[in-house]
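A.B. asks: File model.cif follows (mmCIF, C-alpha atoms and all ligand atoms):
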```cif
data_upload
loop_
_atom_site.label_atom_id
_atom_site.label_comp_id
_atom_site.auth_asym_id
_atom_site.auth_seq_id
_atom_site.Cartn_x
_atom_site.Cartn_y
_atom_site.Cartn_z
CA MET A 292 0.00 0.00 0.00
CA THR A 293 1.39 3.38 -0.98
CA GLN A 294 2.18 5.72 1.89
CA LEU A 295 1.89 9.48 2.22
CA LEU A 296 4.86 11.53 3.42
CA VAL A 297 4.27 15.17 4.32
CA SER A 298 7.14 17.64 4.68
CA VAL A 299 6.66 19.98 7.63
CA ARG A 300 8.58 22.93 9.07
CA SER A 301 7.13 23.11 12.61
CA ALA A 302 5.49 21.08 15.37
CA ILE A 303 2.12 22.68 14.54
CA GLU A 304 2.43 21.55 10.95
CA ALA A 305 3.46 18.05 12.06
CA GLU A 306 0.30 17.79 14.15
CA ALA A 307 -1.82 18.95 11.19
CA ALA A 308 -0.16 16.42 8.89
CA LEU A 309 -0.67 13.56 11.37
CA SER A 310 -4.29 14.50 12.02
CA GLY A 311 -4.85 14.52 8.27
CA GLY A 312 -3.50 10.97 8.00
CA ALA A 313 0.14 11.37 6.95
CA ASP A 314 2.07 8.10 7.27
CA TRP A 315 5.48 9.80 7.40
CA ILE A 316 6.60 13.14 8.76
CA ASP A 317 9.50 14.77 6.97
CA ILE A 318 11.21 17.80 8.50
CA LYS A 319 12.21 20.43 6.01
CA GLU A 320 12.52 24.22 5.84
CA PRO A 321 10.96 25.09 2.46
CA THR A 322 12.55 28.55 2.20
CA ARG A 323 15.97 26.87 2.13
CA GLY A 324 15.45 24.82 -1.00
CA SER A 325 14.14 21.46 -2.06
CA LEU A 326 15.82 19.65 0.84
CA GLY A 327 16.28 22.70 3.07
CA ALA A 328 17.47 21.80 6.58
CA ALA A 329 15.45 23.21 9.47
CA GLU A 330 17.19 24.23 12.69
CA PRO A 331 18.01 21.36 15.10
CA HIS A 332 15.70 22.84 17.77
CA VAL A 333 12.87 22.49 15.23
CA TRP A 334 13.85 18.83 14.68
CA ARG A 335 13.61 18.25 18.42
CA GLU A 336 10.24 19.99 18.76
CA ILE A 337 8.79 17.98 15.89
CA VAL A 338 10.17 14.65 17.09
CA GLN A 339 8.65 15.34 20.53
CA THR A 340 5.29 16.27 19.00
CA VAL A 341 5.17 13.22 16.75
CA GLU A 342 5.88 10.98 19.76
CA GLN A 343 6.57 7.94 17.55
CA ARG A 344 3.12 8.08 15.93
CA ALA A 345 4.90 8.05 12.56
CA PRO A 346 8.47 7.69 11.34
CA VAL A 347 10.28 11.01 11.07
CA SER A 348 12.79 11.86 8.36
CA ILE A 349 15.06 14.90 8.32
CA ALA A 350 16.24 16.82 5.27
CA LEU A 351 19.84 17.96 5.67
CA GLY A 352 20.22 20.27 2.67
CA GLU A 353 22.69 19.82 -0.17
CA ILE A 354 26.02 18.09 0.44
CA SER A 355 27.67 20.69 -1.80
CA ASP A 356 26.63 23.43 0.65
CA GLY A 357 28.58 21.83 3.51
CA ALA A 358 27.33 20.21 6.70
CA GLY A 359 25.68 21.94 9.64
CA ALA A 360 27.04 21.88 13.17
CA TRP A 361 25.22 18.74 14.19
CA GLY A 362 26.16 16.45 17.05
CA PRO A 363 25.02 12.80 17.20
CA ASP A 364 22.37 13.73 19.80
CA THR A 365 20.77 16.16 17.41
CA PHE A 366 19.32 13.27 15.45
CA ARG A 367 17.61 11.59 18.40
CA GLY A 368 14.16 10.27 17.44
CA ALA A 369 14.71 10.55 13.70
CA SER A 370 14.26 7.41 11.61
CA MET A 371 15.81 8.63 8.38
CA VAL A 372 17.99 11.38 6.95
CA LYS A 373 18.43 12.63 3.42
CA TYR A 374 20.97 14.85 1.75
CA GLY A 375 20.78 16.32 -1.75
CA LEU A 376 23.39 15.67 -4.45
CA ALA A 377 22.91 18.93 -6.36
CA LYS A 378 25.98 20.52 -7.97
CA LEU A 379 27.99 17.30 -7.67
CA SER A 380 27.67 16.04 -11.24
CA ASP A 381 30.98 17.63 -12.29
CA CYS A 382 32.81 16.20 -9.33
CA THR A 383 34.49 12.91 -10.26
CA ASP A 384 34.81 11.90 -6.62
CA TRP A 385 31.22 12.71 -5.66
CA MET A 386 30.50 9.21 -4.30
CA SER A 387 33.25 9.48 -1.68
CA ILE A 388 32.27 13.04 -0.79
CA ALA A 389 28.64 12.03 -0.40
CA SER A 390 29.46 8.91 1.61
CA THR A 391 31.61 10.98 3.97
CA ALA A 392 28.74 13.40 4.51
CA TYR A 393 26.45 10.54 5.56
CA ASP A 394 29.17 9.15 7.85
CA ARG A 395 28.55 12.12 10.15
CA VAL A 396 25.02 10.89 10.84
CA PRO A 397 24.50 8.22 13.52
CA ASP A 398 23.80 4.68 12.31
CA SER A 399 20.47 4.74 14.15
CA CYS A 400 19.12 6.84 11.26
CA SER A 401 18.69 5.02 8.01
CA ARG A 402 19.84 6.74 4.85
CA VAL A 403 17.73 8.07 2.01
CA ALA A 404 19.53 8.75 -1.27
CA VAL A 405 18.02 11.49 -3.43
CA TYR A 406 17.88 11.80 -7.19
CA TYR A 407 16.61 15.03 -8.75
CA ALA A 408 14.57 14.39 -11.88
CA ASP A 409 15.40 17.90 -13.15
CA GLU A 410 18.95 16.61 -13.35
CA GLU A 411 20.34 19.39 -15.56
CA ARG A 412 19.00 22.17 -13.36
CA ALA A 413 20.25 20.42 -10.24
CA ARG A 414 23.57 19.40 -11.80
CA CYS A 415 23.24 16.13 -9.93
CA PRO A 416 24.49 12.65 -10.85
CA PRO A 417 22.27 10.43 -13.03
CA LEU A 418 19.85 7.98 -11.47
CA ALA A 419 21.83 4.86 -12.34
CA ASP A 420 24.86 6.26 -10.49
CA VAL A 421 22.77 7.35 -7.51
CA VAL A 422 21.26 3.84 -7.28
CA GLN A 423 24.74 2.32 -7.51
CA TRP A 424 26.13 4.61 -4.81
CA SER A 425 23.09 4.17 -2.56
CA LYS A 426 24.24 0.58 -1.94
CA ARG A 427 27.50 1.98 -0.56
CA ILE A 428 25.62 3.91 2.13
CA SER A 429 23.11 1.06 2.62
CA ALA A 430 20.26 3.42 1.77
CA SER A 431 16.89 2.03 2.72
CA ALA A 432 15.08 4.39 0.34
CA ILE A 433 15.69 6.49 -2.73
CA LEU A 434 13.66 9.65 -3.19
CA ILE A 435 13.06 10.98 -6.69
CA ASP A 436 12.24 14.67 -6.33
CA THR A 437 12.65 17.96 -8.20
CA PHE A 438 15.37 20.44 -7.26
CA VAL A 439 13.79 23.68 -8.47
CA LYS A 440 10.34 24.29 -7.09
CA ASP A 441 8.96 26.55 -9.79
CA GLY A 442 5.63 24.87 -10.45
CA ARG A 443 7.01 22.22 -12.76
CA THR A 444 6.28 18.74 -11.49
CA LEU A 445 8.05 15.40 -11.50
CA PHE A 446 6.09 14.47 -14.63
CA ASP A 447 7.49 17.47 -16.51
CA PHE A 448 10.82 15.65 -16.35
CA LEU A 449 9.90 11.96 -16.36
CA SER A 450 7.19 10.10 -18.25
CA ILE A 451 5.20 7.43 -16.42
CA ASP A 452 7.28 4.79 -18.20
CA GLN A 453 10.55 6.45 -17.18
CA LEU A 454 9.35 6.71 -13.60
CA ALA A 455 8.29 3.05 -13.68
CA ALA A 456 11.77 2.07 -14.91
CA ALA A 457 13.29 4.17 -12.13
CA THR A 458 11.18 2.64 -9.36
CA GLN A 459 12.02 -0.78 -10.75
CA GLN A 460 15.76 -0.03 -10.47
CA ILE A 461 15.24 1.16 -6.90
CA ARG A 462 13.19 -1.84 -5.86
CA ALA A 463 15.69 -4.17 -7.50
CA ILE A 464 18.24 -3.21 -4.84
CA GLY A 465 15.69 -3.69 -2.07
CA ALA A 466 15.14 0.02 -1.40
CA ILE A 467 11.87 1.90 -1.00
CA ALA A 468 10.93 4.07 -3.99
CA ALA A 469 9.69 7.48 -2.82
CA CYS A 470 8.49 10.11 -5.30
CA GLY A 471 7.95 13.83 -4.86
CA GLY A 472 8.15 16.93 -7.01
CA SER A 473 5.15 19.26 -6.75
CA LEU A 474 2.80 16.29 -6.95
CA THR A 475 -0.92 16.93 -6.59
CA LYS A 476 -3.82 14.51 -6.45
CA LEU A 477 -3.88 14.68 -10.26
CA HIS A 478 -0.50 12.93 -10.34
CA PHE A 479 -1.14 10.32 -7.69
CA ALA A 480 -2.61 7.63 -9.94
CA ALA A 481 0.30 7.93 -12.37
CA ALA A 482 2.89 7.80 -9.59
CA ILE A 483 1.22 4.78 -7.98
CA VAL A 484 0.95 2.91 -11.26
CA ALA A 485 4.63 3.70 -11.86
CA GLY A 486 5.45 1.85 -8.66
CA ALA A 487 5.98 4.55 -6.02
CA ASP A 488 5.95 3.11 -2.51
CA VAL A 489 5.79 6.54 -0.89
CA LEU A 490 4.37 9.80 -2.25
CA ALA A 491 6.10 12.86 -0.78
CA VAL A 492 4.30 16.19 -0.78
CA ARG A 493 4.38 19.65 0.63
CA GLY A 494 3.01 22.23 -1.82
CA ALA A 495 -0.18 20.25 -2.45
CA VAL A 496 -1.15 20.34 1.23
CA CYS A 497 -0.27 23.98 1.91
CA ASN A 498 -2.84 26.73 2.02
CA GLY A 499 -1.50 28.66 -0.94
CA ARG A 500 2.19 28.57 -1.72
CA ARG A 501 4.68 25.91 -0.69
CA THR A 502 5.89 28.15 2.12
CA SER A 503 2.37 28.65 3.53
CA ALA A 504 1.01 26.60 6.42
CA ILE A 505 -0.03 22.98 6.04
CA ASP A 506 -3.77 22.43 6.02
CA GLN A 507 -5.02 19.31 7.77
CA GLN A 508 -8.06 19.10 5.46
CA LEU A 509 -5.86 19.11 2.37
CA VAL A 510 -3.78 16.28 3.85
CA ARG A 511 -6.97 14.37 4.60
CA GLN A 512 -8.26 14.86 1.04
CA LEU A 513 -4.96 13.77 -0.47
CA LYS A 514 -4.84 10.70 1.73
CA ALA A 515 -8.41 9.82 0.69
CA THR A 516 -7.42 10.19 -2.97
CA MET A 517 -4.45 7.92 -2.39
CA ASN A 518 -6.61 5.32 -0.65
CA SER A 519 -9.12 5.42 -3.50
CA PHE A 520 -6.32 4.33 -5.85
CA ASP A 521 -5.40 1.44 -3.63
CA GLY A 522 -7.06 -1.19 -5.81
CA GLU A 523 -5.19 -1.74 -9.06
CA SER A 524 -8.33 -1.39 -11.17
CA ASN A 525 -8.95 2.07 -9.69
CA VAL A 526 -5.44 3.10 -10.62
CA SER A 527 -5.78 1.91 -14.21
CA GLN A 528 -9.12 3.68 -14.47
CA ALA A 529 -7.69 6.94 -13.13
CA CYS A 530 -4.75 6.77 -15.51
CA ALA A 531 -7.05 6.20 -18.45
CA THR A 532 -9.05 9.37 -17.69
O1 LIG A 601 10.13 15.42 0.08
C1 LIG A 601 9.39 15.90 -0.80
C2 LIG A 601 9.11 17.32 -0.96
O2 LIG A 601 8.96 17.94 0.27
C3 LIG A 601 7.96 17.57 -1.84
O3 LIG A 601 7.63 18.94 -1.81
P1 LIG A 601 6.69 19.52 -2.95
O4 LIG A 601 5.44 18.69 -2.96
O5 LIG A 601 6.38 20.93 -2.55
O6 LIG A 601 7.46 19.42 -4.22
#
```
Translate the structure of the given file into structure tokens.
Ligand SMILES: O=C[C@H](O)COP(=O)(O)O

C.D. replies:
Amino acid sequence: MTQLLVSVRSAIEAEAALSGGADWIDIKEPTRGSLGAAEPHVWREIVQTVEQRAPVSIALGEISDGAGAWGPDTFRGASMVKYGLAKLSDCTDWMSIASTAYDRVPDSCSRVAVYYADEERARCPPLADVVQWSKRISASAILIDTFVKDGRTLFDFLSIDQLAAATQQIRAIGAIAACGGSLTKLHFAAAIVAGADVLAVRGAVCNGRRTSAIDQQLVRQLKATMNSFDGESNVSQACAT
């Protein structure tokens, strides 16, 4: 069954996302980019609010921007962490650099590797290389997202078939395939049929822009849409319309 991940920037938003039915809480500061890192005190507040009702992932920003001043304790209560690989495509040694960045995170947090579908804009490594490298860091999931949040969606960069091939590559190494990138309920059927295990959203559940507050009702509606596509026949029907 596909799961819904909601990216939040505060404890209040985390509560709204959980009340709306989010399966995963992802901590991210949307004004700082696609994988913008929030402040560690925000991580702590959110982890305390979630109280293990859902797994919590933390976005750590782009590896190319350098690491924050995080101690091992900072990550307490987080299940997963993810770094972005933007601006590393020209760097021949990017796999070692990226692995070293993840080494600074305690082993208690599993690793999420991230591939940006708007690869040229992100100047990130290609998917096949990201999948290959993700084995080196024992990533439990690979997120396919967009780097530039300018209204273009994941499907402006990948067709359903390309996304299906990508999720297949990810699943072939035993990792979870998570998909984001300005997805709305209009994209859910396509993403599910393409094999996404997790759908990651923020903009679609905000009242207005991506930096506005999360609306519990919008989360609830999105979750209901996702559940309605749970049966395979519903998905095929939705894709045909
Ligand atoms: O982790 C996924 C992103 O937070 C998705 O955000 P977005 O729906 O605004 O593109």

A.B. asks: Around ligand LIG 601 (chain A), out to 6 Å and counting only C-alpha atoms and all ligand atoms, which residues are there? I want them as a list in words.

C.D. replies: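 So, counting only C-alpha atoms and all ligand atoms, the residues near ligand LIG 601 (chain A) are Ser298, Gly471, Gly472, Ser473, Leu474, Ala491, Val492, Arg493, Gly494, Ala495 and Arg501 of chain A.
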
A.B. asks: Could you pull the residues within 6 Å of Arg414 (chain A), counting all atoms listed in the file, minus those fewer than 4 positions along the same chain, as a PyMOL selection string?

C.D. replies: chain A and resi 377-378+380+410

A.B. asks: Out of A:Ser348, A:Thr365, A:Gln459, A:Ser450, which residue has the shortest atom-to-atom distance to Val403 (chain A) when counting all atoms listed in the file?

C.D. replies: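 Comparing A:Ser348, A:Thr365, A:Gln459, A:Ser450 against Val403 (chain A), the winner is A:Ser348.
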
A.B. asks: May I ask which of the residues A:Ala313, A:Cys415, A:Val347, A:Met386 is the closest one to Val510 (chain A), counting all atoms listed in the file?

C.D. replies: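 Nearest to Val510 (chain A): A:Ala313.
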
A.B. asks: What would the list of residues within 9 Å of (12.0, 20.4, 8.1) (file frame) look like as a ChimeraX atom specification, if all atoms listed in the file are what count?

C.D. replies: /A:298-301,317-321,326-330,333-334,337,348-351

A.B. asks: Go ahead and dump the residues you just picked, C-alpha atoms, as a PDB file, keeping the file's coordinate frame.

C.D. replies:
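Result file follows (out.pdb):
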```pdb
ATOM      1  CA  SER A 298       7.140  17.640   4.680  1.00  0.00           C
ATOM      2  CA  VAL A 299       6.660  19.980   7.630  1.00  0.00           C
ATOM      3  CA  ARG A 300       8.580  22.930   9.070  1.00  0.00           C
ATOM      4  CA  SER A 301       7.130  23.110  12.610  1.00  0.00           C
ATOM      5  CA  ASP A 317       9.500  14.770   6.970  1.00  0.00           C
ATOM      6  CA  ILE A 318      11.210  17.800   8.500  1.00  0.00           C
ATOM      7  CA  LYS A 319      12.210  20.430   6.010  1.00  0.00           C
ATOM      8  CA  GLU A 320      12.520  24.220   5.840  1.00  0.00           C
ATOM      9  CA  PRO A 321      10.960  25.090   2.460  1.00  0.00           C
ATOM     10  CA  LEU A 326      15.820  19.650   0.840  1.00  0.00           C
ATOM     11  CA  GLY A 327      16.280  22.700   3.070  1.00  0.00           C
ATOM     12  CA  ALA A 328      17.470  21.800   6.580  1.00  0.00           C
ATOM     13  CA  ALA A 329      15.450  23.210   9.470  1.00  0.00           C
ATOM     14  CA  GLU A 330      17.190  24.230  12.690  1.00  0.00           C
ATOM     15  CA  VAL A 333      12.870  22.490  15.230  1.00  0.00           C
ATOM     16  CA  TRP A 334      13.850  18.830  14.680  1.00  0.00           C
ATOM     17  CA  ILE A 337       8.790  17.980  15.890  1.00  0.00           C
ATOM     18  CA  SER A 348      12.790  11.860   8.360  1.00  0.00           C
ATOM     19  CA  ILE A 349      15.060  14.900   8.320  1.00  0.00           C
ATOM     20  CA  ALA A 350      16.240  16.820   5.270  1.00  0.00           C
ATOM     21  CA  LEU A 351      19.840  17.960   5.670  1.00  0.00           C
TER      22      LEU A 351
END
```

A.B. asks: One number please: CA of Val489 (chain A) to CA of Gln343 (chain A), in Å, one decimal.

C.D. replies: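 Separating CA of Val489 (chain A) from CA of Gln343 (chain A) is a distance of 18.5 Å.
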
A.B. asks: What does the structure give for the distance between CA of Ala504 (chain A) and CA of Gln339 (chain A), in Å to one decimal?

C.D. replies: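 Distance reported for this atom pair: 19.6 Å.
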
A.B. asks: Using all atoms listed in the file, which protein or nucleic acid residues come within 12 Å of Gly357 (chain A)? Drop anything in the same chain fewer than 4 positions from it, and give the result as an MDAnalysis selection string.

C.D. replies: chainID A and resid 328 351:353 361 374:378 388:389 391:393 395

A.B. asks: Generate a file of the selected residues that holds C-alpha atoms, formatted as a PDB file, in the coordinates of the input.

C.D. replies:
```
ATOM      1  CA  ALA A 328      17.470  21.800   6.580  1.00  0.00           C
ATOM      2  CA  LEU A 351      19.840  17.960   5.670  1.00  0.00           C
ATOM      3  CA  GLY A 352      20.220  20.270   2.670  1.00  0.00           C
ATOM      4  CA  GLU A 353      22.690  19.820  -0.170  1.00  0.00           C
ATOM      5  CA  TRP A 361      25.220  18.740  14.190  1.00  0.00           C
ATOM      6  CA  TYR A 374      20.970  14.850   1.750  1.00  0.00           C
ATOM      7  CA  GLY A 375      20.780  16.320  -1.750  1.00  0.00           C
ATOM      8  CA  LEU A 376      23.390  15.670  -4.450  1.00  0.00           C
ATOM      9  CA  ALA A 377      22.910  18.930  -6.360  1.00  0.00           C
ATOM     10  CA  LYS A 378      25.980  20.520  -7.970  1.00  0.00           C
ATOM     11  CA  ILE A 388      32.270  13.040  -0.790  1.00  0.00           C
ATOM     12  CA  ALA A 389      28.640  12.030  -0.400  1.00  0.00           C
ATOM     13  CA  THR A 391      31.610  10.980   3.970  1.00  0.00           C
ATOM     14  CA  ALA A 392      28.740  13.400   4.510  1.00  0.00           C
ATOM     15  CA  TYR A 393      26.450  10.540   5.560  1.00  0.00           C
ATOM     16  CA  ARG A 395      28.550  12.120  10.150  1.00  0.00           C
TER      17      ARG A 395
END
```

A.B. asks: Would you give the centre and edge lengths, in Å to one decimal, of a box along x, y and z around the listed atoms of region 350-356 of chain A, with 6 Å added to each side, as lines of an AutoDock Vina configuration file?

C.D. replies:
```
center_x = 22.0
center_y = 20.1
center_z = 1.9
size_x = 23.4
size_y = 18.6
size_z = 19.5
```

A.B. asks: Quick one: pull the distance between CA of Leu509 (chain A) and CA of Ile303 (chain A), Å, one decimal.

C.D. replies: 15.0 Å

A.B. asks: Choose the residue, out of A:Ile433, A:Val496, A:Val341, A:Val484, that has the smallest atom-to-atom separation from Tyr407 (chain A); count all atoms listed in the file.

C.D. replies: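 Selected residue with least distance to Tyr407 (chain A): A:Ile433.
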
A.B. asks: Can you tell me, as a ChimeraX atom specification, what residues are no more than 12 Å from Gly486 (chain A) when counting only C-alpha atoms, ignoring any on the same chain fewer than 2 positions away?

C.D. replies: /A:292-294,451-463,467-470,479-484,488-490,521,523,526

A.B. asks: Those same residues, written as an mmCIF file, in the coordinates of the input with C-alpha atoms?

C.D. replies:
```cif
data_model
loop_
_atom_site.group_PDB
_atom_site.id
_atom_site.type_symbol
_atom_site.label_atom_id
_atom_site.label_comp_id
_atom_site.auth_asym_id
_atom_site.auth_seq_id
_atom_site.Cartn_x
_atom_site.Cartn_y
_atom_site.Cartn_z
ATOM 1 C CA MET A 292 0.000 0.000 0.000
ATOM 2 C CA THR A 293 1.390 3.380 -0.980
ATOM 3 C CA GLN A 294 2.180 5.720 1.890
ATOM 4 C CA ILE A 451 5.200 7.430 -16.420
ATOM 5 C CA ASP A 452 7.280 4.790 -18.200
ATOM 6 C CA GLN A 453 10.550 6.450 -17.180
ATOM 7 C CA LEU A 454 9.350 6.710 -13.600
ATOM 8 C CA ALA A 455 8.290 3.050 -13.680
ATOM 9 C CA ALA A 456 11.770 2.070 -14.910
ATOM 10 C CA ALA A 457 13.290 4.170 -12.130
ATOM 11 C CA THR A 458 11.180 2.640 -9.360
ATOM 12 C CA GLN A 459 12.020 -0.780 -10.750
ATOM 13 C CA GLN A 460 15.760 -0.030 -10.470
ATOM 14 C CA ILE A 461 15.240 1.160 -6.900
ATOM 15 C CA ARG A 462 13.190 -1.840 -5.860
ATOM 16 C CA ALA A 463 15.690 -4.170 -7.500
ATOM 17 C CA ILE A 467 11.870 1.900 -1.000
ATOM 18 C CA ALA A 468 10.930 4.070 -3.990
ATOM 19 C CA ALA A 469 9.690 7.480 -2.820
ATOM 20 C CA CYS A 470 8.490 10.110 -5.300
ATOM 21 C CA PHE A 479 -1.140 10.320 -7.690
ATOM 22 C CA ALA A 480 -2.610 7.630 -9.940
ATOM 23 C CA ALA A 481 0.300 7.930 -12.370
ATOM 24 C CA ALA A 482 2.890 7.800 -9.590
ATOM 25 C CA ILE A 483 1.220 4.780 -7.980
ATOM 26 C CA VAL A 484 0.950 2.910 -11.260
ATOM 27 C CA ASP A 488 5.950 3.110 -2.510
ATOM 28 C CA VAL A 489 5.790 6.540 -0.890
ATOM 29 C CA LEU A 490 4.370 9.800 -2.250
ATOM 30 C CA ASP A 521 -5.400 1.440 -3.630
ATOM 31 C CA GLU A 523 -5.190 -1.740 -9.060
ATOM 32 C CA VAL A 526 -5.440 3.100 -10.620
#
```

A.B. asks: A:Val396, A:Glu306, A:Cys382, A:His332: which is nearest Ala345 (chain A), counting all atoms listed in the file?

C.D. replies: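 Of all the options, A:Glu306 lies closest to Ala345 (chain A).
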
A.B. asks: Using all atoms listed in the file, which of A:Arg500, A:Val421, A:Asp409, A:Arg344 sits nearest Asp447 (chain A)?

C.D. replies: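 Residue with the minimum atom-to-atom distance to Asp447 (chain A): A:Asp409.
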
A.B. asks: I'd like to know which of A:Leu309, A:Leu379, A:Met371, A:Ala404 is closest to Ala466 (chain A), using all atoms listed in the file.

C.D. replies: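 Of the candidates, the smallest distance to Ala466 (chain A) is held by A:Ala404.
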
A.B. asks: Please write all heavy atoms of region 410-418 of chain A, from the structure given just now, as an mmCIF file, in the first residue's frame.

C.D. replies:
```cif
data_model
loop_
_atom_site.group_PDB
_atom_site.id
_atom_site.type_symbol
_atom_site.label_atom_id
_atom_site.label_comp_id
_atom_site.auth_asym_id
_atom_site.auth_seq_id
_atom_site.Cartn_x
_atom_site.Cartn_y
_atom_site.Cartn_z
ATOM 1 N N GLU A 410 17.516 16.873 -13.490
ATOM 2 C CA GLU A 410 18.953 16.612 -13.349
ATOM 3 C C GLU A 410 19.845 17.755 -13.844
ATOM 4 O O GLU A 410 20.822 18.115 -13.185
ATOM 5 C CB GLU A 410 19.217 15.342 -14.169
ATOM 6 C CG GLU A 410 20.431 14.590 -13.829
ATOM 7 C CD GLU A 410 20.535 13.333 -14.708
ATOM 8 O OE1 GLU A 410 19.631 12.481 -14.692
ATOM 9 O OE2 GLU A 410 21.553 13.221 -15.417
ATOM 10 N N GLU A 411 19.483 18.330 -14.998
ATOM 11 C CA GLU A 411 20.342 19.393 -15.558
ATOM 12 C C GLU A 411 20.308 20.629 -14.693
ATOM 13 O O GLU A 411 21.319 21.287 -14.469
ATOM 14 C CB GLU A 411 19.874 19.757 -16.965
ATOM 15 C CG GLU A 411 20.390 18.788 -17.985
ATOM 16 C CD GLU A 411 20.065 19.215 -19.401
ATOM 17 O OE1 GLU A 411 19.850 20.418 -19.638
ATOM 18 O OE2 GLU A 411 20.017 18.322 -20.248
ATOM 19 N N ARG A 412 19.112 20.981 -14.202
ATOM 20 C CA ARG A 412 19.003 22.172 -13.356
ATOM 21 C C ARG A 412 19.711 21.947 -12.029
ATOM 22 O O ARG A 412 20.300 22.855 -11.456
ATOM 23 C CB ARG A 412 17.538 22.524 -13.110
ATOM 24 C CG ARG A 412 16.761 22.772 -14.387
ATOM 25 C CD ARG A 412 15.442 23.444 -14.138
ATOM 26 N NE ARG A 412 14.489 22.683 -13.339
ATOM 27 C CZ ARG A 412 13.288 23.126 -13.016
ATOM 28 N NH1 ARG A 412 12.892 24.337 -13.412
ATOM 29 N NH2 ARG A 412 12.458 22.391 -12.312
ATOM 30 N N ALA A 413 19.639 20.726 -11.540
ATOM 31 C CA ALA A 413 20.253 20.416 -10.241
ATOM 32 C C ALA A 413 21.752 20.167 -10.364
ATOM 33 O O ALA A 413 22.484 20.266 -9.395
ATOM 34 C CB ALA A 413 19.580 19.187 -9.636
ATOM 35 N N ARG A 414 22.176 19.832 -11.574
ATOM 36 C CA ARG A 414 23.571 19.396 -11.801
ATOM 37 C C ARG A 414 23.917 18.266 -10.816
ATOM 38 O O ARG A 414 24.906 18.312 -10.087
ATOM 39 C CB ARG A 414 24.535 20.571 -11.694
ATOM 40 C CG ARG A 414 24.303 21.547 -12.825
ATOM 41 C CD ARG A 414 25.204 22.768 -12.874
ATOM 42 N NE ARG A 414 26.434 22.692 -12.159
ATOM 43 C CZ ARG A 414 26.818 23.548 -11.209
ATOM 44 N NH1 ARG A 414 26.017 24.534 -10.849
ATOM 45 N NH2 ARG A 414 27.984 23.440 -10.635
ATOM 46 N N CYS A 415 23.027 17.272 -10.830
ATOM 47 C CA CYS A 415 23.235 16.128 -9.933
ATOM 48 C C CYS A 415 23.593 14.891 -10.753
ATOM 49 O O CYS A 415 23.386 14.865 -11.957
ATOM 50 C CB CYS A 415 21.961 15.869 -9.118
ATOM 51 S SG CYS A 415 20.602 15.248 -10.105
ATOM 52 N N PRO A 416 24.139 13.875 -10.123
ATOM 53 C CA PRO A 416 24.487 12.648 -10.850
ATOM 54 C C PRO A 416 23.238 11.954 -11.391
ATOM 55 O O PRO A 416 22.141 12.131 -10.858
ATOM 56 C CB PRO A 416 25.156 11.775 -9.776
ATOM 57 C CG PRO A 416 25.474 12.691 -8.644
ATOM 58 C CD PRO A 416 24.500 13.808 -8.693
ATOM 59 N N PRO A 417 23.416 11.146 -12.453
ATOM 60 C CA PRO A 417 22.267 10.433 -13.030
ATOM 61 C C PRO A 417 21.736 9.335 -12.111
ATOM 62 O O PRO A 417 22.455 8.855 -11.224
ATOM 63 C CB PRO A 417 22.840 9.831 -14.320
ATOM 64 C CG PRO A 417 24.314 9.858 -14.163
ATOM 65 C CD PRO A 417 24.669 10.918 -13.182
ATOM 66 N N LEU A 418 20.505 8.945 -12.360
ATOM 67 C CA LEU A 418 19.847 7.982 -11.473
ATOM 68 C C LEU A 418 20.639 6.677 -11.315
ATOM 69 O O LEU A 418 20.794 6.183 -10.197
ATOM 70 C CB LEU A 418 18.432 7.662 -11.992
ATOM 71 C CG LEU A 418 17.684 6.626 -11.153
ATOM 72 C CD1 LEU A 418 17.355 7.154 -9.762
ATOM 73 C CD2 LEU A 418 16.412 6.168 -11.843
#
```
